[in-house]
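One structure below.
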There are 2 protein chains.
Amino acid sequence: MAENNKTYEKLTKKCREIALLASCEAVLGWDERTYMPRAGAQLRADQLGLLAGMVHEKFTSTELGDWLSELEGSDLVKENGTPEAANVRETRHRYDKEARLPKDLVEEFTRVTTLAQGEWVTARQNSDFKAFLPWLEKVVDLSRQKAEAYGYEGEPYNALLDDYEPGATVDMVSETFKLLRNDLVILLKKIKEAPRQPDRSIVERPYNVDLQKVFGESVAAAIGFSFDSGRLDVTTHPFCSGIGPGDTRITTRYNPNRINDALFGIMHEAGHALYEMGIDKKNNFGMPTGESASLGIHESQSRMWENQVGRSKEFWNYFYPQAQRIFKTSLSGVSLDDFYGSINAVQPSYIRVEADEATYNLHILLRFELERAIMKGDLKPTDIPGEWNSRFEKYFGLKVDKDSNGCLQDVHWSSGLFGYFPTYTLGNLYSALFFNQAKKDIPDLGDRFSRGEFKTMVDWLRENIHKHGARYRANLLCKRVTGEELSHQPLVDYMNDKYAGIYGF
Amino acid sequence: MAENNKTYEKLTKKCREIALLASCEAVLGWDERTYMPRAGAQLRADQLGLLAGMVHEKFTSTELGDWLSELEGSDLVKENGTPEAANVRETRHRYDKEARLPKDLVEEFTRVTTLAQGEWVTARQNSDFKAFLPWLEKVVDLSRQKAEAYGYEGEPYNALLDDYEPGATVDMVSETFKLLRNDLVILLKKIKEAPRQPDRSIVERPYNVDLQKVFGESVAAAIGFSFDSGRLDVTTHPFCSGIGPGDTRITTRYNPNRINDALFGIMHEAGHALYEMGIDKKNNFGMPTGESASLGIHESQSRMWENQVGRSKEFWNYFYPQAQRIFKTSLSGVSLDDFYGSINAVQPSYIRVEADEATYNLHILLRFELERAIMKGDLKPTDIPGEWNSRFEKYFGLKVDKDSNGCLQDVHWSSGLFGYFPTYTLGNLYSALFFNQAKKDIPDLGDRFSRGEFKTMVDWLRENIHKHGARYRANLLCKRVTGEELSHQPLVDYMNDKYAGIYGF
């Protein structure tokens, strides 16, 4: 046992050192997407490629594999569910996958995706798919190589999905997604034909960017984002980066003519950040218990703060008077009810990150289907715009006017994040389950929001979700917290209830 | 020969990889001093310590030493003065020094100085020397350990000075410094008793910070700083960081009640940046020919743009009308001559980086003397404020009112940069020599400045200084460019001439 403890210590020490090196990558990645001068792109790609290769090499060392083997047979991990058992299990899972990747592929993947992100930013600005195509082809090719190297059962997509949602497979999620889609179609029909239609124009007025920043920061601070251990900056495609203990950064982009985008974007990223800040990284940095359970769980946190909290009446009971004082011209004379209706107005639109809660998941389902086909090799990069646009018209009843409103809108493919998109919908599903449970456990939760008190909610999340890190896989965590399995029903119920109130159907 | 070429190729490839890793440190260092949230300090110290240790380990590998030994006996480096010979010679110089440092010391030095910088920022804000003392003691102790590990002839300071000014020794510079000091005392007396005294109050009026930023950026752009491959940000102690090919960043700090600080600070850092941008890093990254010759040469570039250019009448012939349009209130009715007198007014003052050209070097000489005593162990950190203040009064005739105006003002000691300060005065001396030569080679240089044409000057610097990197050591470079040895005379002549015009003595 003493011997095993020593080995476990060596493992955690080594993993901490690897995480430290990986956290340097995170700083460079943040810088690349916020402040890096354009001419530094090649250097940055080389830097990140080098670091990724070094992290890969250190993590896949024989030594580390031997330690894992030794520990796997030991008493230390005998009892399922202990932090030690989880750390050994999840580290093994990652080790086995990572060890199957050639170092060259890891370096090349990082270099190419770093450069491709810069190219994507320009291509998106110019809505120029052709300029981006050669990069997309490279990234797709490298992603397919990655999936092949990992190996998979069923289809290649499974190998990649597992990177973000450990243990999840296409078969497991697609059934739930189908049920969700059926119910969404019904809901959208009810909304379209509803007797009451909120005035969307309220949120689409001039909102001074400097004031949006002030308001956004004050909201982030109020819900618990710490500006002492975090930052908020501007970027093309907003993200949250949990760099390491004491350093979690979020980003946003401001639309001077719409209040929703930056505001709910900031709440979304702050939700991610609260998760990162709530994980005990001080003690567990580098081990799975010092990391998030999955991206689905991560998105459950961001989407919950964005939607269940940020788009709730109770939240605005507290914040609307402040908003009216700050945005005098655009909000004077607008009632809270009308504002609440406006921020929740449902309307099929091009851009996923600006979508309302009801149509949001259709955006994801479309990407999920396309990604599967791309990874299978059934859909060639050059055919993506055509396929995107025809499916989009079918799902949303809208003709895509330009690729920047279509397949060029998201950063993910340039970054090589194939397999990531489904976690957004998984996050929405989990968020409904978690939020129901929080309301049961904290009966006056809405009243607390109404008086600007969010600490109880944060504490509940810390205790039930954040502090565990990846101790439990997503589905088990959900079961432990809510007693329920993942299902489309709670999210559908939540939306039906909410929109019935707004649209009066 | 073919064999040697192969070895040389291996060496440059390896050094490039090491430089790539070191450039990651540079990004993290820049971030630490600009945007990093405070709570991230410990993580940053650990990250930088890890990277510094890795760079050290890679650079001091036996392999690299063997390659150097093989090349040293070869035809490839036979001819002195070729890039290959310089690269092997200077890499050997660094290799031998670096190899004498234990890895633990390198890591600890980096970790401690990273944390100490954050502590210094706070201590400086609160003018609290006591709070900084334990950190200063640690840094002094580690710096003395470093000097001992390097080994030295004469006194420990020589070992550290050589890090910044390869080949320089205390004996070599102190004689020149003494001559300079004697002449400065005479000059300052003439200035004090001069019949004409410029109106200093002109530069000490309200200058809107946003407008200072716009003006500073436009000046930086005009003299050739590329915002496509660089940035300008705000920090506590301004610096320039040449991160790597395509990425050179400068920083400044704004004083809303004085135009000199940020403006000449930006020109200073832009001067550094032009040097970094002018070195052929694309082809020589990682080799001495891809780096600066010395910090003295580096400072000659920054001080030249700040002083010989930025504080010249010709520069303001072009820029003053713009300045008057931008800073309407503070400059309306002020003549160009009065403004020129005001930006050049000589006045003993506390802060080095805000000092005029005449008193500036006294600041350096004071630090140089203190640093030598600290490194010898003759001056204990706890006694620094007393010693600083008594010497300051002797040199400047001013009683130091608080340590933030005294020994806490500079970032250098918290960063472990003992041995760095003399390079500022070396830079001033070199700048006078170089600028004289530039005026000979470009007879209408002043006219060009008067019409806002700085490209000829930049091209001259590129051709004569920048493009060589560290191919020639500082003194040899100076001899090649100007035909002269380093001396105090050209700087003294330049100042006498300039101040005679302003003060009418």
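Lettering and numbering for the structure tokens are positional, with chains as A, B, ... in the shown order, residues counted from 1 in each chain, and ligands counted from 1 in the shown order.
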Item to check | Residues of chain A within 12 Å of chain B, counting only C-alpha atoms, as a VMD selection string | outcome: chain A and resid 16 to 32 34 to 54 226 to 233 242 to 250 277 281 to 282 285
Output file for the residues above (C-alpha atoms, as a PDB file, in the first residue's frame):
ATOM      1  CA  ARG A  16       0.873  18.303 -12.508  1.00  0.00           C
ATOM      2  CA  GLU A  17       4.046  19.142 -14.387  1.00  0.00           C
ATOM      3  CA  ILE A  18       2.415  18.158 -17.670  1.00  0.00           C
ATOM      4  CA  ALA A  19      -0.615  20.289 -16.828  1.00  0.00           C
ATOM      5  CA  LEU A  20       1.710  23.190 -16.089  1.00  0.00           C
ATOM      6  CA  LEU A  21       3.210  22.861 -19.550  1.00  0.00           C
ATOM      7  CA  ALA A  22      -0.240  22.513 -21.097  1.00  0.00           C
ATOM      8  CA  SER A  23      -1.335  25.643 -19.233  1.00  0.00           C
ATOM      9  CA  CYS A  24       1.398  27.546 -21.088  1.00  0.00           C
ATOM     10  CA  GLU A  25      -0.333  26.419 -24.274  1.00  0.00           C
ATOM     11  CA  ALA A  26      -3.552  27.816 -22.827  1.00  0.00           C
ATOM     12  CA  VAL A  27      -1.987  31.257 -22.273  1.00  0.00           C
ATOM     13  CA  LEU A  28      -0.630  31.283 -25.822  1.00  0.00           C
ATOM     14  CA  GLY A  29      -3.998  30.138 -27.144  1.00  0.00           C
ATOM     15  CA  TRP A  30      -5.800  32.919 -25.277  1.00  0.00           C
ATOM     16  CA  ASP A  31      -3.304  35.476 -26.561  1.00  0.00           C
ATOM     17  CA  GLU A  32      -3.653  34.170 -30.097  1.00  0.00           C
ATOM     18  CA  THR A  34      -7.286  38.200 -28.244  1.00  0.00           C
ATOM     19  CA  TYR A  35      -4.155  40.291 -28.656  1.00  0.00           C
ATOM     20  CA  MET A  36      -1.565  38.598 -30.866  1.00  0.00           C
ATOM     21  CA  PRO A  37      -0.449  40.735 -33.823  1.00  0.00           C
ATOM     22  CA  ARG A  38      -1.409  39.108 -37.111  1.00  0.00           C
ATOM     23  CA  ALA A  39       2.137  38.733 -38.344  1.00  0.00           C
ATOM     24  CA  GLY A  40       2.878  36.544 -35.323  1.00  0.00           C
ATOM     25  CA  ALA A  41       0.620  33.728 -36.563  1.00  0.00           C
ATOM     26  CA  GLN A  42       3.362  31.474 -37.914  1.00  0.00           C
ATOM     27  CA  LEU A  43       5.474  31.856 -34.779  1.00  0.00           C
ATOM     28  CA  ARG A  44       2.442  31.082 -32.642  1.00  0.00           C
ATOM     29  CA  ALA A  45       1.660  27.973 -34.684  1.00  0.00           C
ATOM     30  CA  ASP A  46       5.248  26.789 -34.233  1.00  0.00           C
ATOM     31  CA  GLN A  47       5.213  27.551 -30.508  1.00  0.00           C
ATOM     32  CA  LEU A  48       1.946  25.721 -29.943  1.00  0.00           C
ATOM     33  CA  GLY A  49       3.050  22.811 -32.092  1.00  0.00           C
ATOM     34  CA  LEU A  50       6.220  22.482 -30.059  1.00  0.00           C
ATOM     35  CA  LEU A  51       4.394  22.617 -26.735  1.00  0.00           C
ATOM     36  CA  ALA A  52       1.711  20.175 -27.879  1.00  0.00           C
ATOM     37  CA  GLY A  53       4.401  17.738 -28.983  1.00  0.00           C
ATOM     38  CA  MET A  54       6.196  18.059 -25.654  1.00  0.00           C
ATOM     39  CA  SER A 226     -13.902  36.857  -9.833  1.00  0.00           C
ATOM     40  CA  PHE A 227     -12.038  39.622 -11.629  1.00  0.00           C
ATOM     41  CA  ASP A 228      -9.147  39.044  -9.253  1.00  0.00           C
ATOM     42  CA  SER A 229      -8.592  35.622 -10.750  1.00  0.00           C
ATOM     43  CA  GLY A 230     -10.063  36.289 -14.165  1.00  0.00           C
ATOM     44  CA  ARG A 231     -10.467  38.711 -17.067  1.00  0.00           C
ATOM     45  CA  LEU A 232     -12.989  39.667 -19.712  1.00  0.00           C
ATOM     46  CA  ASP A 233     -11.670  40.565 -23.168  1.00  0.00           C
ATOM     47  CA  GLY A 242      -9.471  27.919 -17.565  1.00  0.00           C
ATOM     48  CA  ILE A 243      -5.754  28.466 -17.741  1.00  0.00           C
ATOM     49  CA  GLY A 244      -5.026  27.079 -14.294  1.00  0.00           C
ATOM     50  CA  PRO A 245      -5.363  27.780 -10.574  1.00  0.00           C
ATOM     51  CA  GLY A 246      -6.132  31.470 -10.119  1.00  0.00           C
ATOM     52  CA  ASP A 247      -6.416  32.298 -13.807  1.00  0.00           C
ATOM     53  CA  THR A 248      -9.693  31.861 -15.704  1.00  0.00           C
ATOM     54  CA  ARG A 249     -10.447  34.160 -18.623  1.00  0.00           C
ATOM     55  CA  ILE A 250     -13.585  34.868 -20.575  1.00  0.00           C
ATOM     56  CA  MET A 277     -13.116  28.437 -10.636  1.00  0.00           C
ATOM     57  CA  LYS A 281      -7.363  22.962  -8.986  1.00  0.00           C
ATOM     58  CA  LYS A 282      -5.150  24.039  -6.145  1.00  0.00           C
ATOM     59  CA  PHE A 285      -4.241  20.418 -10.924  1.00  0.00           C
TER      60      PHE A 285
END
Checklist entry - Which residues, written as a list in words, have at least one atom at most 12 Å from Glu484 in chain A, with only C-alpha atoms counted and residues fewer than 3 positions away on the same chain left out? => result Leu429, Tyr430, Ala432, Leu433, Phe434, Asn436, Gln437, Ala474, Asn475, Leu476, Leu477, Cys478, Lys479, Arg480, Val481, Ser487, His488, Gln489 and Pro490 of chain A
Now that the selection is made, can you save its residues with C-alpha atoms as a compact mmCIF listing (two decimals), in the first residue's frame?
# COMPACT_ATOMS: atom_id res chain seq x y z
CA LEU A 429 -30.35 18.77 -21.54
CA TYR A 430 -28.22 18.49 -18.39
CA ALA A 432 -32.63 21.46 -17.34
CA LEU A 433 -32.13 18.44 -15.12
CA PHE A 434 -29.72 20.25 -12.79
CA ASN A 436 -34.92 21.38 -11.65
CA GLN A 437 -32.97 19.78 -8.85
CA ALA A 474 -21.28 12.94 -16.90
CA ASN A 475 -24.14 10.43 -16.86
CA LEU A 476 -23.22 9.19 -13.38
CA LEU A 477 -22.86 12.72 -12.07
CA CYS A 478 -26.31 13.53 -13.40
CA LYS A 479 -27.76 10.44 -11.75
CA ARG A 480 -26.09 11.30 -8.44
CA VAL A 481 -27.28 14.91 -8.44
CA SER A 487 -33.48 12.69 -21.26
CA HIS A 488 -34.97 15.28 -23.58
CA GLN A 489 -38.08 15.65 -21.42
CA PRO A 490 -36.99 18.11 -18.70
Checklist entry - Counting only C-alpha atoms, which of A:Lys190, A:His468, A:Arg111, A:Arg367 gets nearest to Arg352 in chain A? => result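 So, comparing all the options, the nearest one is A:Arg367.
For the residues B:Gly416, B:Ile374, B:Ser218, B:Trp388, ranking by smallest atom-to-atom distance to Glu108 in chain B using only C-alpha atoms places B:Gly416 first.
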Item to check | Distance in Å - CA of Leu211 in chain A versus CA of His298 in chain A | outcome: 28.7 Å
Item to check | Pick from B:Leu188, B:Ala273, B:Ala470, B:Leu133 nearest to Thr91 in chain B, counting only C-alpha atoms | outcome: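 With only C-alpha atoms as the atom set, the closest residue is B:Ala470.
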Item to check | Residue neighbourhood Leu365 in chain B, 10 Å, only C-alpha atoms, exclusion window fewer than 5 positions, as a ChimeraX atom specification | outcome: /B:174,177-178,180-181,360,370-371,395,421-422,424-425
Checklist entry - Near Leu336 in chain B, within 8 Å and counting only C-alpha atoms, which residues show up once chain neighbours fewer than 3 positions away are dropped, as a list in words? => result Trp316, Asn317, Tyr320, Phe339 and Tyr340 of chain B
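Of the residues listed (B:Cys407, B:Leu160, B:Val77, B:Val353), B:Cys407 shows the shortest atom-to-atom separation from Leu366 in chain B; distances use only C-alpha atoms.
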Item to check | For Lys213 in chain A, the nearest of the candidates A:Asp261, A:Glu9, A:Glu306, A:Asp141, counting only C-alpha atoms | outcome: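 Closest to Lys213 in chain A of all the choices is A:Asp261.
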Item to check | Shell of 8 Å around Gly504 in chain A, only C-alpha atoms, local chain residues under 3 positions omitted, as a PyMOL selection string | outcome: chain A and resi 194-196+499-501
Checklist entry - Quick one: DSSP strand (DSSP E or B) residues in range 4-239 of chain A, as a PyMOL selection string? => result chain A and resi 230-234
